[in-house]
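Below is run11.cif, which holds mmCIF, C-alpha atoms.
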data_my_file
#
loop_
_atom_site.label_atom_id
_atom_site.label_comp_id
_atom_site.auth_asym_id
_atom_site.auth_seq_id
_atom_site.Cartn_x
_atom_site.Cartn_y
_atom_site.Cartn_z
CA MET A 2 -18.52 -7.64 -10.66
CA THR A 3 -20.48 -8.27 -7.50
CA ALA A 4 -19.79 -7.04 -4.02
CA ALA A 5 -20.44 -8.15 -0.46
CA MET A 6 -19.56 -5.57 2.18
CA THR A 7 -19.71 -5.54 5.96
CA ALA A 8 -19.26 -2.72 8.45
CA ASP A 9 -16.61 -4.56 10.47
CA THR A 10 -13.63 -3.55 8.33
CA ASP A 11 -12.69 -0.62 6.13
CA LEU A 12 -10.51 -2.73 3.84
CA ALA A 13 -11.92 -5.42 1.57
CA VAL A 14 -10.51 -8.67 0.25
CA HIS A 15 -10.69 -8.54 -3.54
CA ILE A 16 -11.18 -12.00 -5.05
CA VAL A 17 -10.27 -12.52 -8.70
CA ASP A 18 -11.30 -15.90 -10.14
CA ASP A 19 -13.04 -16.99 -13.31
CA GLU A 20 -15.09 -19.63 -11.43
CA GLU A 21 -18.25 -18.02 -10.08
CA ALA A 22 -18.87 -20.83 -7.60
CA LEU A 23 -15.44 -20.35 -6.03
CA ARG A 24 -15.86 -16.58 -5.86
CA ASP A 25 -19.21 -16.97 -4.13
CA ALA A 26 -17.88 -19.62 -1.73
CA LEU A 27 -14.98 -17.37 -0.71
CA ALA A 28 -17.27 -14.38 -0.31
CA PHE A 29 -19.53 -16.41 2.00
CA LEU A 30 -16.51 -17.64 3.97
CA PHE A 31 -15.14 -14.14 4.53
CA ALA A 32 -18.58 -12.72 5.31
CA SER A 33 -18.92 -15.33 8.06
CA ARG A 34 -15.81 -13.79 9.65
CA GLY A 35 -17.02 -10.21 9.19
CA ILE A 36 -14.58 -9.45 6.36
CA ALA A 37 -15.66 -7.37 3.38
CA THR A 38 -15.16 -8.75 -0.12
CA ARG A 39 -15.32 -7.58 -3.71
CA LEU A 40 -15.54 -10.13 -6.49
CA TRP A 41 -14.04 -9.95 -9.98
CA PRO A 42 -14.60 -12.53 -12.76
CA SER A 43 -11.23 -11.92 -14.46
CA GLY A 44 -7.94 -10.11 -14.22
CA GLU A 45 -9.02 -7.85 -17.05
CA ALA A 46 -12.11 -6.78 -15.08
CA LEU A 47 -9.97 -5.94 -12.06
CA LEU A 48 -7.53 -3.91 -14.13
CA ALA A 49 -10.41 -2.02 -15.76
CA GLY A 50 -11.72 -1.10 -12.31
CA TRP A 51 -8.34 -0.26 -10.79
CA PRO A 52 -7.38 1.59 -8.60
CA GLN A 53 -9.42 0.38 -5.63
CA PRO A 54 -8.45 2.48 -2.57
CA GLY A 55 -10.34 0.19 -0.20
CA CYS A 56 -8.48 -2.95 -1.25
CA GLY A 57 -6.85 -4.62 1.75
CA CYS A 58 -5.49 -7.61 -0.17
CA LEU A 59 -5.94 -9.43 -3.47
CA ILE A 60 -6.67 -13.13 -3.89
CA LEU A 61 -5.75 -14.12 -7.43
CA ASP A 62 -6.21 -17.49 -9.07
CA VAL A 63 -3.01 -18.48 -10.85
CA ARG A 64 -4.79 -19.97 -13.87
CA MET A 65 -7.77 -18.14 -15.37
CA ASP A 66 -9.26 -17.61 -18.79
CA GLY A 67 -7.49 -14.59 -20.25
CA MET A 68 -4.79 -13.11 -18.03
CA SER A 69 -3.23 -15.38 -15.45
CA GLY A 70 -2.78 -14.32 -11.83
CA PRO A 71 0.95 -13.58 -12.22
CA GLN A 72 0.22 -11.55 -15.36
CA VAL A 73 -2.30 -9.48 -13.40
CA LEU A 74 0.27 -8.93 -10.66
CA ASP A 75 2.85 -7.80 -13.23
CA ALA A 76 0.36 -5.40 -14.83
CA LEU A 77 -0.68 -3.87 -11.50
CA SER A 78 2.95 -3.60 -10.41
CA ALA A 79 3.87 -1.75 -13.60
CA GLN A 80 0.86 0.55 -13.21
CA GLU A 81 1.56 1.40 -9.57
CA GLY A 82 5.34 1.65 -9.83
CA GLY A 83 6.24 -1.53 -7.96
CA VAL A 84 4.80 -4.40 -5.94
CA ASP A 85 5.33 -2.53 -2.65
CA ALA A 86 2.74 0.04 -3.74
CA LEU A 87 0.10 -2.68 -4.16
CA PRO A 88 -2.10 -4.41 -1.61
CA PRO A 89 -0.61 -7.80 -0.63
CA VAL A 90 -1.37 -10.54 -3.16
CA ILE A 91 -2.32 -14.12 -2.24
CA PHE A 92 -2.37 -16.67 -5.07
CA LEU A 93 -4.73 -19.63 -5.32
CA THR A 94 -2.91 -22.45 -7.03
CA GLY A 95 -3.30 -26.06 -8.04
CA HIS A 96 -0.51 -28.52 -7.29
CA ALA A 97 0.92 -28.20 -10.81
CA ASP A 98 1.15 -24.43 -10.42
CA VAL A 99 3.19 -24.40 -7.20
CA PRO A 100 6.51 -23.60 -8.96
CA LEU A 101 4.83 -20.64 -10.67
CA ALA A 102 3.40 -19.48 -7.35
CA VAL A 103 6.83 -19.71 -5.72
CA GLN A 104 8.26 -17.65 -8.57
CA SER A 105 5.55 -15.06 -7.93
CA LEU A 106 6.55 -14.93 -4.25
CA LYS A 107 10.04 -13.97 -5.34
CA ALA A 108 8.45 -11.24 -7.49
CA GLY A 109 6.74 -9.76 -4.44
CA ALA A 110 3.54 -11.75 -3.82
CA PHE A 111 2.51 -12.13 -0.17
CA ASP A 112 1.80 -15.89 -0.16
CA PHE A 113 -0.04 -18.68 -1.97
CA VAL A 114 -2.68 -21.22 -0.98
CA GLU A 115 -2.86 -24.59 -2.67
CA LYS A 116 -6.25 -25.97 -3.68
CA PRO A 117 -8.17 -27.48 -2.02
CA PHE A 118 -7.49 -24.97 0.72
CA ASN A 119 -8.26 -24.92 4.41
CA ASP A 120 -10.84 -22.26 5.28
CA ASN A 121 -9.05 -21.03 8.39
CA GLN A 122 -5.74 -20.90 6.58
CA ILE A 123 -6.94 -18.59 3.81
CA VAL A 124 -8.88 -16.34 6.19
CA ASP A 125 -5.90 -16.01 8.53
CA LEU A 126 -3.62 -15.23 5.60
CA ALA A 127 -6.02 -12.57 4.37
CA LEU A 128 -6.20 -10.99 7.83
CA SER A 129 -2.39 -10.90 8.01
CA ALA A 130 -2.27 -9.33 4.55
CA ILE A 131 -4.82 -6.67 5.52
CA ALA A 132 -2.82 -5.85 8.66
CA LEU A 133 0.30 -5.45 6.52
CA ARG A 134 -1.62 -3.20 4.12
CA ARG A 135 -2.80 -1.01 7.01
CA ASP A 136 0.77 -0.72 8.31
CA ARG A 137 2.07 0.27 4.87
CA VAL A 138 -0.65 2.87 4.38
CA ALA A 139 -0.02 4.33 7.83
CA ALA A 140 3.73 4.47 7.20
CA ALA A 141 3.21 6.20 3.84
CA ARG A 142 0.84 8.70 5.48
CA ASP A 143 3.42 9.41 8.19
CA ARG A 144 6.17 9.94 5.60
CA LEU A 145 4.01 12.36 3.64
CA ASN A 146 3.08 14.25 6.80
CA LEU A 147 6.76 14.54 7.76
CA GLU A 148 7.69 15.78 4.28
CA GLN A 149 4.95 18.41 4.47
CA ARG A 150 6.20 19.59 7.86
CA ARG A 151 9.76 19.87 6.59
CA ALA A 152 8.55 21.78 3.55
CA SER A 153 6.90 24.33 5.88
CA LEU A 154 10.29 25.35 7.34
CA SER A 155 11.99 28.48 6.06
CA ALA A 156 15.52 28.28 4.69
CA ARG A 157 16.91 29.75 7.93
CA GLU A 158 14.87 27.32 10.03
CA VAL A 159 16.33 24.43 8.04
CA GLU A 160 19.84 25.73 8.73
CA VAL A 161 19.08 25.97 12.44
CA MET A 162 17.51 22.50 12.47
CA VAL A 163 20.57 20.93 10.82
CA LEU A 164 22.83 22.47 13.47
CA MET A 165 20.42 21.46 16.25
CA LEU A 166 20.61 17.86 15.03
CA GLN A 167 24.40 18.08 15.09
CA GLY A 168 24.18 18.84 18.80
CA ARG A 169 25.25 22.47 18.49
CA LEU A 170 24.27 24.76 21.38
CA ASN A 171 22.32 27.97 20.84
CA LYS A 172 25.45 30.13 21.26
CA GLN A 173 27.36 27.95 18.80
CA ILE A 174 24.52 28.14 16.27
CA ALA A 175 24.39 31.92 16.69
CA ASP A 176 28.13 32.15 16.00
CA ASP A 177 27.91 29.73 13.04
CA LEU A 178 25.10 31.68 11.36
CA GLY A 179 26.08 35.19 12.50
CA ILE A 180 22.77 35.84 14.25
CA SER A 181 21.77 36.61 17.84
CA MET A 182 21.03 33.93 20.41
CA ARG A 183 17.50 35.33 20.77
CA THR A 184 16.97 34.80 17.05
CA VAL A 185 18.32 31.25 17.35
CA GLU A 186 15.93 30.55 20.23
CA ALA A 187 13.00 31.84 18.16
CA HIS A 188 13.98 29.69 15.17
CA ARG A 189 14.54 26.66 17.40
CA SER A 190 11.08 27.06 18.92
CA ARG A 191 9.45 27.37 15.49
CA VAL A 192 11.33 24.33 14.17
CA LEU A 193 10.06 22.15 17.00
CA ALA A 194 6.53 23.52 16.68
CA LYS A 195 6.33 23.05 12.91
CA MET A 196 7.83 19.57 13.07
CA GLY A 197 5.53 18.56 15.92
CA ALA A 198 8.41 17.54 18.18
CA ARG A 199 8.58 18.23 21.91
CA ASN A 200 12.37 18.32 22.01
CA ILE A 201 15.51 17.74 19.96
CA ALA A 202 15.63 14.04 20.88
CA GLU A 203 12.13 13.48 19.50
CA LEU A 204 12.99 15.49 16.40
CA ALA A 205 16.06 13.34 15.82
CA ARG A 206 13.95 10.14 16.12
CA MET A 207 11.40 11.50 13.65
CA LEU A 208 14.09 12.21 11.04
CA SER A 209 16.19 9.09 11.58
#
Show how you would write the structure in this file as structure tokens.
Amino acid sequence: MTAAMTADTDLAVHIVDDEEALRDALAFLFASRGIATRLWPSGEALLAGWPQPGCGCLILDVRMDGMSGPQVLDALSAQEGGVDALPPVIFLTGHADVPLAVQSLKAGAFDFVEKPFNDNQIVDLALSAIALRRDRVAAARDRLNLEQRRASLSAREVEVMVLMLQGRLNKQIADDLGISMRTVEAHRSRVLAKMGARNIAELARMLS
């Protein structure tokens, strides 16, 4: 494995191809656009070095010595618990392999590029894939953060939050739970603070 990194991006394009000349040509192409790359000579090498937290997208040749591109995708998908957990995958394919590439799209691949490819096309696809990867990572981080906030609520605070989201007023919540309005107000304030919401409307949007 060789690597070519730049400081312009925190996510790299990982290129998996058994042709060294093609790997180097793609690395040079992406470097000219300020995009980091990591190069792998085979699917087996990639799998041996997986996981790669800094992987923004994968470019896999469909036909390689050893494991094929779709086989690598299947192995990574099984390892990570599904295609959605993986960086987006772009396949490089010859004309004869287009049906196989289309089948891989149905299995969750991001796109495919037919050889010989247009330089701008493959770079633009990679940039779109990296943007999608960033969005997925951010969404997963937000979900985890929300789960952690909910887990910080006490059992009583959860009860109050559920009634708040149902539109119940403080007096109604106090009657429902058999507690004082002052206690409800204290719980309500803590719920909003722990959840990081300014008001009930924002809380409802966060949990929708």
In Å to one decimal, how far is atom CA of A:Val103 from atom CA of A:Ala46? 24.8 Å
Can you translate the PyMOL selection byres ((chain A and resi 42) around 6) into the concrete residues it hits in this file, as a PyMOL selection string? chain A and resi 17-19+41+43
Decode the PyMOL selection byres ((chain A and resi 135-144) around 10) for the given file into explicit residues and return them as a list in words. Asp11, Leu12, Gly57, Asp85, Ala86, Leu87, Pro88, Ser129, Ala130, Ile131, Ala132, Leu133, Arg134, Leu145, Asn146, Leu147, Glu148, Gln149, Arg150, Met207 and Leu208 of chain A
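Counting only C-alpha atoms and comparing A:Leu27, A:Ala13, A:Val163, A:Met196, the residue that lies closest to A:Cys58 is A:Ala13.
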Correct to one decimal, the distance atom CA of A:Ser78-atom CA of A:Ala102 is 16.2 Å
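Distance-wise, atom CA of A:Ser155 and atom CA of A:Val185 end up 13.2 Å apart.
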Name every residue that the PyMOL selection byres ((chain A and resi 61) around 7) selects in this structure, writing the answer as a list in words with chains first and numbers rising.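 Matching residues under the PyMOL selection byres ((chain A and resi 61) around 7) are Ile16, Val17, Asp18, Leu59, Ile60, Asp62, Val63, Gly70, Ile91, Phe92 and Leu93 of chain A.
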Can you work out which one of A:Arg39, A:His96, A:Arg151, A:Lys172 has the shortest atom-to-atom distance to A:Leu204, counting all atoms listed in the file? A:Arg151
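Between A:Gln72 and the residues A:Ala28, A:Ala108, A:Cys56, A:Leu166, the shortest atom-to-atom distance, using all atoms listed in the file, involves A:Ala108.
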Show me the residues around (16.5, 24.1, 8.7) - criterion: an atom at most 12 Å away, all atoms listed in the file counted - as a PyMOL selection string. chain A and resi 150-167+174+178+185+188-193+195-196
Restricting the calculation to all atoms listed in the file: of A:Val99, A:Met65, A:Ile36, A:Leu77, which residue gets closest to A:Trp51?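 Using all atoms listed in the file, the shortest distance to A:Trp51 belongs to A:Leu77.
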Of the residues A:Pro89, A:Thr94, A:Ala127, A:Gly35, which is the one nearest to A:Val114, using only C-alpha atoms?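 Under the stated criterion, the closest residue is A:Thr94.
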Here is a test: counting all atoms listed in the file, which residue of A:Glu203, A:Asp75, A:Glu45, A:Asp25 is nearest to A:Ala110?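 Nearest candidate to A:Ala110 out of A:Glu203, A:Asp75, A:Glu45, A:Asp25: A:Asp75.
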Stretch 161-171 of chain A, all listed atoms, 3 Å padding on each side: what axis-aligned box centre and edge lengths in Å to one decimal come out, as JSON?
{"center_x": 21.4, "center_y": 22.9, "center_z": 16.1, "size_x": 13.7, "size_y": 16.1, "size_z": 16.6}
